[in-house]
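Listing of query04.csv, CSV, C-alpha atoms
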```csv
chain,number,residue,atom,x,y,z
A,1,MET,CA,-4.7,-27.0,27.4
A,2,SER,CA,-1.6,-25.5,29.0
A,3,ARG,CA,-1.3,-21.8,28.5
A,4,TRP,CA,2.4,-22.4,27.7
A,5,ALA,CA,1.6,-24.6,24.7
A,6,PRO,CA,4.6,-24.2,22.4
A,7,ASP,CA,2.4,-24.2,19.3
A,8,ALA,CA,-0.1,-21.6,20.8
A,9,ARG,CA,0.6,-19.1,18.1
A,10,GLU,CA,-0.2,-21.4,15.3
A,11,ARG,CA,-3.3,-22.8,17.1
A,12,LEU,CA,-4.6,-19.3,17.6
A,13,GLU,CA,-4.1,-18.5,13.9
A,14,THR,CA,-5.8,-21.6,12.7
A,15,ALA,CA,-8.7,-21.2,15.2
A,16,ALA,CA,-9.2,-17.5,14.2
A,17,LEU,CA,-9.2,-18.3,10.5
A,18,ASP,CA,-11.7,-21.1,10.9
A,19,LEU,CA,-14.0,-18.9,13.0
A,20,PHE,CA,-13.7,-15.9,10.6
A,21,VAL,CA,-14.8,-18.2,7.7
A,22,GLU,CA,-17.6,-19.8,9.7
A,23,ASN,CA,-19.1,-16.8,11.4
A,24,GLY,CA,-17.5,-13.7,9.8
A,25,TYR,CA,-14.7,-11.6,11.0
A,26,GLU,CA,-16.8,-8.9,12.7
A,27,ALA,CA,-18.9,-11.4,14.7
A,28,THR,CA,-15.9,-13.4,16.0
A,29,THR,CA,-14.5,-12.4,19.4
A,30,VAL,CA,-11.0,-12.9,20.8
A,31,ALA,CA,-12.5,-15.0,23.6
A,32,GLN,CA,-14.1,-17.3,21.0
A,33,ILE,CA,-10.8,-17.6,19.2
A,34,ALA,CA,-8.9,-18.5,22.4
A,35,GLU,CA,-11.6,-21.0,23.4
A,36,ARG,CA,-11.5,-22.8,20.0
A,37,ALA,CA,-7.7,-23.0,20.3
A,38,GLY,CA,-8.0,-24.4,23.8
A,39,LEU,CA,-6.3,-21.4,25.3
A,40,ASN,CA,-7.4,-18.3,27.2
A,41,ARG,CA,-7.8,-14.6,26.2
A,42,ALA,CA,-4.6,-13.5,28.0
A,43,THR,CA,-2.6,-16.0,26.0
A,44,PHE,CA,-4.1,-14.5,22.8
A,45,PHE,CA,-2.9,-11.0,23.8
A,46,ARG,CA,0.6,-12.3,24.6
A,47,HIS,CA,0.9,-13.3,21.0
A,48,PHE,CA,-1.2,-10.7,19.1
A,49,ALA,CA,-1.9,-7.0,19.8
A,50,ASP,CA,-5.5,-7.2,18.6
A,51,LYS,CA,-7.9,-9.4,16.7
A,52,ARG,CA,-6.7,-8.1,13.3
A,53,GLU,CA,-3.1,-9.0,14.0
A,54,VAL,CA,-3.8,-12.8,14.2
A,55,LEU,CA,-4.2,-12.7,10.4
A,56,PHE,CA,-0.8,-11.0,9.8
A,57,GLY,CA,1.8,-12.7,12.0
A,58,GLY,CA,3.3,-14.3,8.8
A,59,GLU,CA,3.8,-10.9,7.2
A,60,ASP,CA,6.5,-9.9,9.8
A,61,VAL,CA,8.3,-13.1,9.2
A,62,LEU,CA,8.2,-12.5,5.4
A,63,ALA,CA,9.7,-9.0,5.9
A,64,GLY,CA,12.5,-10.4,7.9
A,65,LEU,CA,13.3,-13.2,5.4
A,66,PHE,CA,13.3,-10.8,2.5
A,67,ALA,CA,15.8,-8.5,4.2
A,68,GLU,CA,17.9,-11.5,5.2
A,69,GLY,CA,18.0,-12.8,1.6
A,70,ILE,CA,19.1,-9.4,0.4
A,71,ARG,CA,21.9,-9.1,3.0
A,72,ASP,CA,23.1,-12.6,2.2
A,73,ALA,CA,23.2,-12.1,-1.6
A,74,ALA,CA,26.6,-12.4,-3.3
A,75,PRO,CA,28.9,-9.3,-2.9
A,76,GLY,CA,28.5,-7.0,-5.9
A,77,ALA,CA,25.2,-8.6,-6.9
A,78,ALA,CA,22.9,-6.3,-8.9
A,79,PRO,CA,19.6,-5.1,-7.2
A,80,LEU,CA,17.6,-7.6,-9.3
A,81,GLU,CA,19.9,-10.4,-8.2
A,82,CYS,CA,19.3,-9.3,-4.6
A,83,LEU,CA,15.5,-9.4,-5.2
A,84,ARG,CA,15.8,-12.9,-6.6
A,85,ALA,CA,17.7,-13.9,-3.4
A,86,ALA,CA,15.0,-12.2,-1.2
A,87,LEU,CA,12.2,-14.2,-3.0
A,88,ALA,CA,14.2,-17.4,-2.7
A,89,ALA,CA,14.7,-16.8,1.1
A,90,VAL,CA,11.0,-17.0,1.8
A,91,GLU,CA,10.7,-20.5,0.4
A,92,VAL,CA,11.2,-21.9,4.0
A,93,VAL,CA,7.8,-20.5,5.2
A,94,MET,CA,5.8,-21.4,2.0
A,95,THR,CA,4.6,-24.6,3.5
A,96,PRO,CA,1.6,-26.8,2.7
A,97,HIS,CA,0.0,-25.5,6.0
A,98,ARG,CA,0.3,-21.9,4.6
A,99,ARG,CA,-1.0,-22.9,1.2
A,100,ALA,CA,-4.1,-24.6,2.8
A,101,ALA,CA,-4.8,-21.4,4.8
A,102,ALA,CA,-4.1,-19.0,2.0
A,103,ALA,CA,-7.4,-19.2,0.1
A,104,LYS,CA,-9.4,-18.8,3.4
A,105,ARG,CA,-7.2,-15.9,4.4
A,106,VAL,CA,-7.8,-14.1,1.0
A,107,ALA,CA,-11.6,-14.5,1.5
A,108,VAL,CA,-11.5,-13.2,5.0
A,109,LEU,CA,-9.3,-10.2,4.1
A,110,ALA,CA,-11.7,-9.2,1.3
A,111,SER,CA,-14.6,-9.2,3.8
A,112,ALA,CA,-13.6,-6.1,5.9
A,113,THR,CA,-12.0,-2.8,5.0
A,114,GLU,CA,-10.1,-2.7,8.3
A,115,LEU,CA,-8.4,-5.9,7.3
A,116,GLN,CA,-7.4,-4.6,3.9
A,117,GLU,CA,-6.0,-1.6,5.6
A,118,ARG,CA,-3.9,-3.6,8.1
A,119,GLY,CA,-2.7,-5.8,5.2
A,120,LEU,CA,-1.6,-2.7,3.3
A,121,LEU,CA,0.2,-1.4,6.4
A,122,LYS,CA,2.1,-4.7,6.6
A,123,HIS,CA,2.9,-4.5,2.9
A,124,ALA,CA,4.3,-1.0,3.4
A,125,ARG,CA,6.4,-2.1,6.3
A,126,THR,CA,7.7,-5.1,4.3
A,127,SER,CA,8.6,-2.6,1.5
A,128,GLN,CA,10.5,-0.5,4.0
A,129,SER,CA,12.4,-3.5,5.2
A,130,ILE,CA,13.4,-4.4,1.6
A,131,ILE,CA,14.4,-0.8,0.9
A,132,ALA,CA,16.6,-0.6,4.0
A,133,ALA,CA,18.3,-3.9,3.1
A,134,LEU,CA,19.0,-2.6,-0.4
A,135,ARG,CA,20.3,0.7,0.9
A,136,GLU,CA,22.7,-1.1,3.2
A,137,ARG,CA,24.2,-2.6,0.1
A,138,GLY,CA,24.8,0.9,-1.3
A,139,VAL,CA,21.8,0.9,-3.7
A,140,ASP,CA,20.5,4.5,-4.1
A,141,GLU,CA,17.2,5.5,-2.6
A,142,LEU,CA,15.1,5.7,-5.7
A,143,THR,CA,16.4,2.4,-7.1
A,144,ALA,CA,15.8,0.8,-3.8
A,145,ARG,CA,12.2,2.0,-3.7
A,146,LEU,CA,11.6,0.8,-7.3
A,147,GLY,CA,13.3,-2.5,-6.4
A,148,ALA,CA,11.0,-3.0,-3.4
A,149,GLU,CA,7.9,-2.4,-5.6
A,150,VAL,CA,9.1,-4.8,-8.3
A,151,GLY,CA,10.1,-7.4,-5.7
A,152,LEU,CA,6.8,-7.3,-3.9
A,153,LEU,CA,4.8,-7.4,-7.2
A,154,ALA,CA,6.8,-10.5,-8.2
A,155,PHE,CA,6.0,-12.0,-4.8
A,156,SER,CA,2.3,-11.2,-5.2
A,157,VAL,CA,2.1,-12.7,-8.7
A,158,ALA,CA,4.0,-15.8,-7.6
A,159,PHE,CA,1.9,-16.2,-4.4
A,160,GLY,CA,-1.3,-16.1,-6.5
A,161,ARG,CA,0.0,-18.9,-8.7
A,162,TRP,CA,1.5,-20.9,-5.8
A,163,MET,CA,-1.9,-20.8,-3.9
A,164,LYS,CA,-3.5,-22.6,-6.8
A,165,ALA,CA,-0.7,-25.1,-7.4
A,166,GLY,CA,-0.3,-28.5,-5.9
A,167,ASP,CA,1.6,-29.3,-2.7
A,168,ASP,CA,4.6,-30.5,-4.7
A,169,GLN,CA,5.1,-27.1,-6.4
A,170,PRO,CA,7.9,-25.2,-4.6
A,171,PHE,CA,7.6,-21.4,-4.4
A,172,ALA,CA,11.1,-20.3,-5.5
A,173,PRO,CA,10.8,-21.2,-9.2
A,174,LEU,CA,7.4,-19.4,-9.4
A,175,ALA,CA,9.0,-16.3,-7.8
A,176,ALA,CA,12.0,-16.4,-10.1
A,177,ALA,CA,9.6,-16.7,-13.1
A,178,ALA,CA,7.5,-13.8,-12.0
A,179,LEU,CA,10.5,-11.6,-11.5
A,180,GLY,CA,11.7,-12.5,-15.0
A,181,GLU,CA,8.3,-11.6,-16.4
A,182,LEU,CA,8.4,-8.2,-14.7
A,183,GLN,CA,11.9,-7.6,-16.1
A,184,ALA,CA,10.5,-8.1,-19.6
A,185,ARG,CA,7.5,-5.9,-18.8
A,186,MET,CA,9.8,-3.0,-17.7
A,187,ALA,CA,11.1,-2.9,-21.3
A,188,GLU,CA,7.6,-3.0,-22.6
A,189,LEU,CA,6.6,0.1,-20.6
A,190,ASP,CA,8.6,2.1,-23.2
A,191,PRO,CA,9.3,-0.1,-26.3
A,192,ALA,CA,10.8,2.9,-28.2
A,193,ALA,CA,13.5,3.4,-25.6
A,194,SER,CA,14.4,-0.3,-25.7
A,195,LEU,CA,14.6,-0.3,-29.5
A,196,SER,CA,16.9,2.7,-29.5
A,197,ALA,CA,19.1,1.5,-26.6
B,1,MET,CA,-22.8,30.2,8.5
B,2,SER,CA,-25.3,28.6,6.0
B,3,ARG,CA,-25.1,24.8,6.0
B,4,TRP,CA,-25.3,25.1,2.3
B,5,ALA,CA,-22.1,27.0,2.0
B,6,PRO,CA,-20.7,26.1,-1.4
B,7,ASP,CA,-17.2,25.9,0.0
B,8,ALA,CA,-18.2,23.8,3.0
B,9,ARG,CA,-16.0,20.9,1.9
B,10,GLU,CA,-12.8,22.9,1.7
B,11,ARG,CA,-13.6,24.8,5.0
B,12,LEU,CA,-14.1,21.5,6.8
B,13,GLU,CA,-10.8,20.2,5.4
B,14,THR,CA,-8.9,23.3,6.5
B,15,ALA,CA,-10.5,23.4,9.9
B,16,ALA,CA,-9.7,19.7,10.5
B,17,LEU,CA,-6.1,20.0,9.5
B,18,ASP,CA,-5.6,23.0,11.7
B,19,LEU,CA,-7.2,21.3,14.7
B,20,PHE,CA,-5.3,18.1,14.1
B,21,VAL,CA,-2.0,20.1,14.2
B,22,GLU,CA,-3.1,22.2,17.2
B,23,ASN,CA,-4.6,19.4,19.4
B,24,GLY,CA,-3.7,16.1,17.9
B,25,TYR,CA,-5.8,13.9,15.6
B,26,GLU,CA,-7.1,11.6,18.4
B,27,ALA,CA,-8.2,14.5,20.7
B,28,THR,CA,-10.1,16.3,17.9
B,29,THR,CA,-13.8,15.6,17.5
B,30,VAL,CA,-16.0,16.0,14.4
B,31,ALA,CA,-18.1,18.5,16.4
B,32,GLN,CA,-15.1,20.7,16.9
B,33,ILE,CA,-14.1,20.5,13.3
B,34,ALA,CA,-17.6,21.5,12.2
B,35,GLU,CA,-17.7,24.4,14.8
B,36,ARG,CA,-14.3,25.7,13.6
B,37,ALA,CA,-15.6,25.7,10.0
B,38,GLY,CA,-18.7,27.5,11.1
B,39,LEU,CA,-20.9,24.5,10.1
B,40,ASN,CA,-22.6,21.7,11.9
B,41,ARG,CA,-21.9,18.1,12.5
B,42,ALA,CA,-24.6,16.9,10.1
B,43,THR,CA,-22.9,18.9,7.3
B,44,PHE,CA,-19.6,17.2,8.1
B,45,PHE,CA,-21.2,13.8,7.6
B,46,ARG,CA,-22.8,14.9,4.3
B,47,HIS,CA,-19.3,15.4,3.0
B,48,PHE,CA,-17.2,12.8,4.8
B,49,ALA,CA,-18.0,9.3,6.0
B,50,ASP,CA,-15.8,9.6,9.1
B,51,LYS,CA,-13.2,11.8,10.8
B,52,ARG,CA,-10.4,10.1,8.9
B,53,GLU,CA,-11.9,10.7,5.5
B,54,VAL,CA,-11.6,14.5,5.8
B,55,LEU,CA,-7.9,14.1,5.2
B,56,PHE,CA,-8.3,12.0,2.1
B,57,GLY,CA,-10.9,13.8,-0.1
B,58,GLY,CA,-8.1,14.8,-2.5
B,59,GLU,CA,-7.1,11.3,-3.1
B,60,ASP,CA,-10.3,10.3,-4.8
B,61,VAL,CA,-9.9,13.3,-7.1
B,62,LEU,CA,-6.3,12.3,-8.0
B,63,ALA,CA,-7.4,8.7,-8.8
B,64,GLY,CA,-10.0,10.1,-11.2
B,65,LEU,CA,-7.6,12.5,-12.9
B,66,PHE,CA,-4.9,9.8,-13.4
B,67,ALA,CA,-7.5,7.6,-15.1
B,68,GLU,CA,-8.7,10.5,-17.3
B,69,GLY,CA,-5.2,11.3,-18.3
B,70,ILE,CA,-4.5,7.7,-19.4
B,71,ARG,CA,-7.8,7.5,-21.3
B,72,ASP,CA,-7.0,10.8,-23.1
B,73,ALA,CA,-3.5,9.9,-24.1
B,74,ALA,CA,-2.7,9.6,-27.8
B,75,PRO,CA,-4.0,6.5,-29.6
B,76,GLY,CA,-1.2,3.9,-29.6
B,77,ALA,CA,0.8,5.6,-26.9
B,78,ALA,CA,3.1,3.3,-25.0
B,79,PRO,CA,2.3,2.6,-21.3
B,80,LEU,CA,5.0,5.0,-20.1
B,81,GLU,CA,3.6,7.7,-22.3
B,82,CYS,CA,0.2,7.1,-20.7
B,83,LEU,CA,1.7,7.4,-17.3
B,84,ARG,CA,3.3,10.7,-18.3
B,85,ALA,CA,-0.2,11.9,-19.4
B,86,ALA,CA,-1.7,10.7,-16.1
B,87,LEU,CA,0.9,12.7,-14.1
B,88,ALA,CA,0.3,15.8,-16.2
B,89,ALA,CA,-3.4,15.5,-15.7
B,90,VAL,CA,-3.2,16.1,-12.0
B,91,GLU,CA,-1.5,19.4,-12.4
B,92,VAL,CA,-4.9,21.1,-12.2
B,93,VAL,CA,-5.3,20.2,-8.5
B,94,MET,CA,-1.7,20.9,-7.5
B,95,THR,CA,-2.5,24.4,-6.2
B,96,PRO,CA,-0.7,26.7,-3.8
B,97,HIS,CA,-3.6,25.9,-1.3
B,98,ARG,CA,-2.7,22.2,-1.5
B,99,ARG,CA,1.0,22.9,-1.2
B,100,ALA,CA,0.4,25.0,1.9
B,101,ALA,CA,-1.6,22.1,3.5
B,102,ALA,CA,0.8,19.4,2.4
B,103,ALA,CA,3.5,19.6,5.1
B,104,LYS,CA,0.8,19.8,7.8
B,105,ARG,CA,-1.0,16.8,6.3
B,106,VAL,CA,2.2,14.7,6.2
B,107,ALA,CA,2.8,15.5,9.9
B,108,VAL,CA,-0.7,14.6,10.9
B,109,LEU,CA,-0.7,11.3,8.8
B,110,ALA,CA,2.5,10.3,10.5
B,111,SER,CA,0.9,10.7,14.0
B,112,ALA,CA,-1.6,7.8,13.8
B,113,THR,CA,-1.5,4.3,12.4
B,114,GLU,CA,-5.2,4.4,11.5
B,115,LEU,CA,-4.4,7.4,9.2
B,116,GLN,CA,-1.5,5.6,7.6
B,117,GLU,CA,-3.8,2.7,7.0
B,118,ARG,CA,-6.5,4.8,5.4
B,119,GLY,CA,-3.8,6.5,3.3
B,120,LEU,CA,-2.6,3.2,2.0
B,121,LEU,CA,-6.1,2.1,1.2
B,122,LYS,CA,-6.6,5.2,-0.9
B,123,HIS,CA,-3.2,4.5,-2.5
B,124,ALA,CA,-4.3,1.0,-3.4
B,125,ARG,CA,-7.6,2.3,-4.9
B,126,THR,CA,-5.7,4.8,-6.9
B,127,SER,CA,-3.5,2.0,-8.2
B,128,GLN,CA,-6.6,0.0,-9.1
B,129,SER,CA,-7.9,3.0,-11.0
B,130,ILE,CA,-4.6,3.3,-13.0
B,131,ILE,CA,-4.5,-0.4,-13.7
B,132,ALA,CA,-8.1,-0.3,-15.0
B,133,ALA,CA,-7.4,2.6,-17.3
B,134,LEU,CA,-4.3,1.0,-18.7
B,135,ARG,CA,-6.2,-2.4,-19.2
B,136,GLU,CA,-8.9,-0.5,-21.1
B,137,ARG,CA,-6.2,0.5,-23.6
B,138,GLY,CA,-5.3,-3.1,-24.1
B,139,VAL,CA,-2.2,-3.2,-21.8
B,140,ASP,CA,-1.8,-6.7,-20.3
B,141,GLU,CA,-2.5,-7.2,-16.6
B,142,LEU,CA,1.1,-7.5,-15.4
B,143,THR,CA,2.4,-4.6,-17.3
B,144,ALA,CA,-0.6,-2.5,-16.0
B,145,ARG,CA,0.2,-3.5,-12.4
B,146,LEU,CA,3.9,-2.6,-12.9
B,147,GLY,CA,2.9,0.6,-14.6
B,148,ALA,CA,0.7,1.7,-11.7
B,149,GLU,CA,3.5,1.1,-9.2
B,150,VAL,CA,6.0,3.0,-11.4
B,151,GLY,CA,3.5,5.9,-12.0
B,152,LEU,CA,2.6,6.2,-8.3
B,153,LEU,CA,6.2,6.1,-7.3
B,154,ALA,CA,7.0,8.9,-9.7
B,155,PHE,CA,4.0,10.8,-8.3
B,156,SER,CA,5.3,10.3,-4.7
B,157,VAL,CA,8.9,11.5,-5.6
B,158,ALA,CA,7.6,14.5,-7.5
B,159,PHE,CA,5.1,15.4,-4.8
B,160,GLY,CA,7.9,15.4,-2.2
B,161,ARG,CA,9.9,17.8,-4.3
B,162,TRP,CA,6.9,20.0,-5.2
B,163,MET,CA,6.0,20.3,-1.5
B,164,LYS,CA,9.4,21.9,-0.8
B,165,ALA,CA,9.5,24.1,-4.0
B,166,GLY,CA,8.2,27.6,-4.4
B,167,ASP,CA,4.7,28.5,-5.4
B,168,ASP,CA,5.9,29.3,-9.0
B,169,GLN,CA,7.1,25.7,-9.5
B,170,PRO,CA,4.5,23.8,-11.6
B,171,PHE,CA,4.0,20.1,-10.8
B,172,ALA,CA,4.1,18.5,-14.3
B,173,PRO,CA,7.8,19.1,-15.0
B,174,LEU,CA,8.7,17.6,-11.6
B,175,ALA,CA,6.5,14.6,-12.4
B,176,ALA,CA,8.0,14.1,-15.9
B,177,ALA,CA,11.5,14.3,-14.4
B,178,ALA,CA,10.8,11.7,-11.7
B,179,LEU,CA,9.3,9.3,-14.3
B,180,GLY,CA,12.4,9.8,-16.4
B,181,GLU,CA,14.6,9.0,-13.4
B,182,LEU,CA,12.6,5.8,-12.7
B,183,GLN,CA,13.0,4.8,-16.3
B,184,ALA,CA,16.8,5.0,-15.9
B,185,ARG,CA,16.6,3.1,-12.6
B,186,MET,CA,14.7,0.2,-14.2
B,187,ALA,CA,17.8,-0.4,-16.4
B,188,GLU,CA,20.0,-0.2,-13.3
B,189,LEU,CA,18.1,-2.9,-11.5
B,190,ASP,CA,19.9,-5.3,-13.8
B,191,PRO,CA,22.8,-3.6,-15.5
B,192,ALA,CA,24.1,-6.9,-17.1
B,193,ALA,CA,20.8,-7.3,-19.0
B,194,SER,CA,21.0,-3.7,-20.3
B,195,LEU,CA,24.6,-4.1,-21.5
B,196,SER,CA,23.8,-7.3,-23.4
B,197,ALA,CA,20.5,-5.9,-24.8
```

Could you spell out this file's structure in structure tokens?
Amino acid sequence: MSRWAPDARERLETAALDLFVENGYEATTVAQIAERAGLNRATFFRHFADKREVLFGGEDVLAGLFAEGIRDAAPGAAPLECLRAALAAVEVVMTPHRRAAAAKRVAVLASATELQERGLLKHARTSQSIIAALRERGVDELTARLGAEVGLLAFSVAFGRWMKAGDDQPFAPLAAAALGELQARMAELDPAASLSA
Amino acid sequence: MSRWAPDARERLETAALDLFVENGYEATTVAQIAERAGLNRATFFRHFADKREVLFGGEDVLAGLFAEGIRDAAPGAAPLECLRAALAAVEVVMTPHRRAAAAKRVAVLASATELQERGLLKHARTSQSIIAALRERGVDELTARLGAEVGLLAFSVAFGRWMKAGDDQPFAPLAAAALGELQARMAELDPAASLSA
């Protein structure tokens, strides 16, 4: 019950998610979350700015990993290649623990508008992080913005499939497949242009 | 000063924007907005669910126009052609009044996280509206999701340019140009694939 528990963050996240599912997001207090995790309220606020934030700690990690993957892509790699590297870089946090929490989290997020709003804000920040990493490689602004949208759409599609897959299904191949499908869809948006190209 | 003033909605929007710029979003109350508009608090809440919403009335109109443009596109039109129709359909609300308000609105939105969150929620709902309209035309789910992202990115780019243009600059040509630029950028995401196509 030490307030310095090294796994405090993860315990708070698990406790919060369980309580949100059991009693609803609105009805759950920060004090209850801390108690369930065997910690106190002050410890909660050392890790999370507010009750909403406990659901979104993983998003900041994802944003950092995407950017890192893009920075570490081969010199001269095309934007799509960089996005493939970004999606591969998040594999490390796509653990069975996250998969087990994912379905609960989706249900909780759907239950309150303020949670959807926070999720969209995180999404926008992740997008900014991808755009900045692509810009650093000399990709022009508009291509970087398009790339971020395509990359995050691929992530979303792959995540949906990964959530429903077994624990032995790694994330990276699903992400690469989704990105490939989107690449084909870009041509389908304007078949006439593709035919005449 | 009738509470049935036919232009109550627009007067409330204008009053709110002016007060947000003068005194800040947080410090402004609904009562003050109503007073500035020469209306009462109850009238405000007949038009808007909360203080935030007064900044986003235009977004719901845009979502409806996008969907209408897609539904009215020529039979057999490719998805990109439908997006072009969607962007052309919003021309009707891109008035000098909106242009004059746009820069103020951008500044106010940047001043509070809760406004950015609401803006992103509206954006997501507009995206859903575009996806639904494309799906109704038989476009597959993933192409529709990609199309919505591309269409909204074109809108955002065109809107930024239109905001800075003169009152004689219509919106539709800017939107068509932005969509064309994005089309070219899709090929640049993976130049190797384009060369071998």

**Request:** Please determine the contact residues of chain A with respect to chain B at a cut-off of 8 Å, counting only C-alpha atoms, and supply them as a VMD selection string.
**Result:** chain A and resid 78 to 81 116 to 118 120 to 121 142 to 143 146 to 147 149 to 150 153 182 185 to 186 188 to 191 197

**Item:** Neighbour list for Ala107 (chain B) as a VMD selection string, cut-off 12 Å, only C-alpha atoms, skip fewer than 5 positions in-chain
**Value:** chain B and resid 17 to 18 20 to 22 24 to 25 55 101 to 102 112 115 to 116

Write out, as an mmCIF file, in the frame of the given file, the residues just selected, with C-alpha atoms.
```cif
data_model
loop_
_atom_site.group_PDB
_atom_site.id
_atom_site.type_symbol
_atom_site.label_atom_id
_atom_site.label_comp_id
_atom_site.auth_asym_id
_atom_site.auth_seq_id
_atom_site.Cartn_x
_atom_site.Cartn_y
_atom_site.Cartn_z
ATOM 1 C CA LEU B 17 -6.100 20.000 9.500
ATOM 2 C CA ASP B 18 -5.600 23.000 11.700
ATOM 3 C CA PHE B 20 -5.300 18.100 14.100
ATOM 4 C CA VAL B 21 -2.000 20.100 14.200
ATOM 5 C CA GLU B 22 -3.100 22.200 17.200
ATOM 6 C CA GLY B 24 -3.700 16.100 17.900
ATOM 7 C CA TYR B 25 -5.800 13.900 15.600
ATOM 8 C CA LEU B 55 -7.900 14.100 5.200
ATOM 9 C CA ALA B 101 -1.600 22.100 3.500
ATOM 10 C CA ALA B 102 0.800 19.400 2.400
ATOM 11 C CA ALA B 112 -1.600 7.800 13.800
ATOM 12 C CA LEU B 115 -4.400 7.400 9.200
ATOM 13 C CA GLN B 116 -1.500 5.600 7.600
#
```

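The closest residue to Ala133 (chain B), picked from B:Gly69, B:Pro96, B:Pro75, B:Pro173 and counting all atoms listed in the file, is B:Gly69.
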
**Asked** Excluding same-chain residues fewer than 4 positions from Ala67 (chain A), what lies within 8 Å of it counting only C-alpha atoms, as a ChimeraX atom specification?
**Response** /A:63,71,86,129-130,132-133

**Request:** Tell me, in Å to one decimal, how far CA of Glu91 (chain B) is from CA of Pro170 (chain B).
**Result:** 7.5 Å

**Prompt:** Nearest to Glu35 (chain A) among A:Ala15, A:Ala8, A:Leu174, A:Val92, with distances taken over all atoms listed in the file: which residue is it?
**Reply:** A:Ala15

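CA of Ala103 (chain A) is found 16.4 Å from CA of Asn23 (chain A).
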
**Prompt:** Between B:Thr14, B:Val108, B:Arg41, B:Phe155, which is the closest to Ser127 (chain B) once you count only C-alpha atoms?
**Reply:** B:Phe155

**Pairwise distance for CA of Arg9 (chain B) and CA of Gly57 (chain B), rounded to one decimal in Å** = 9.0 Å
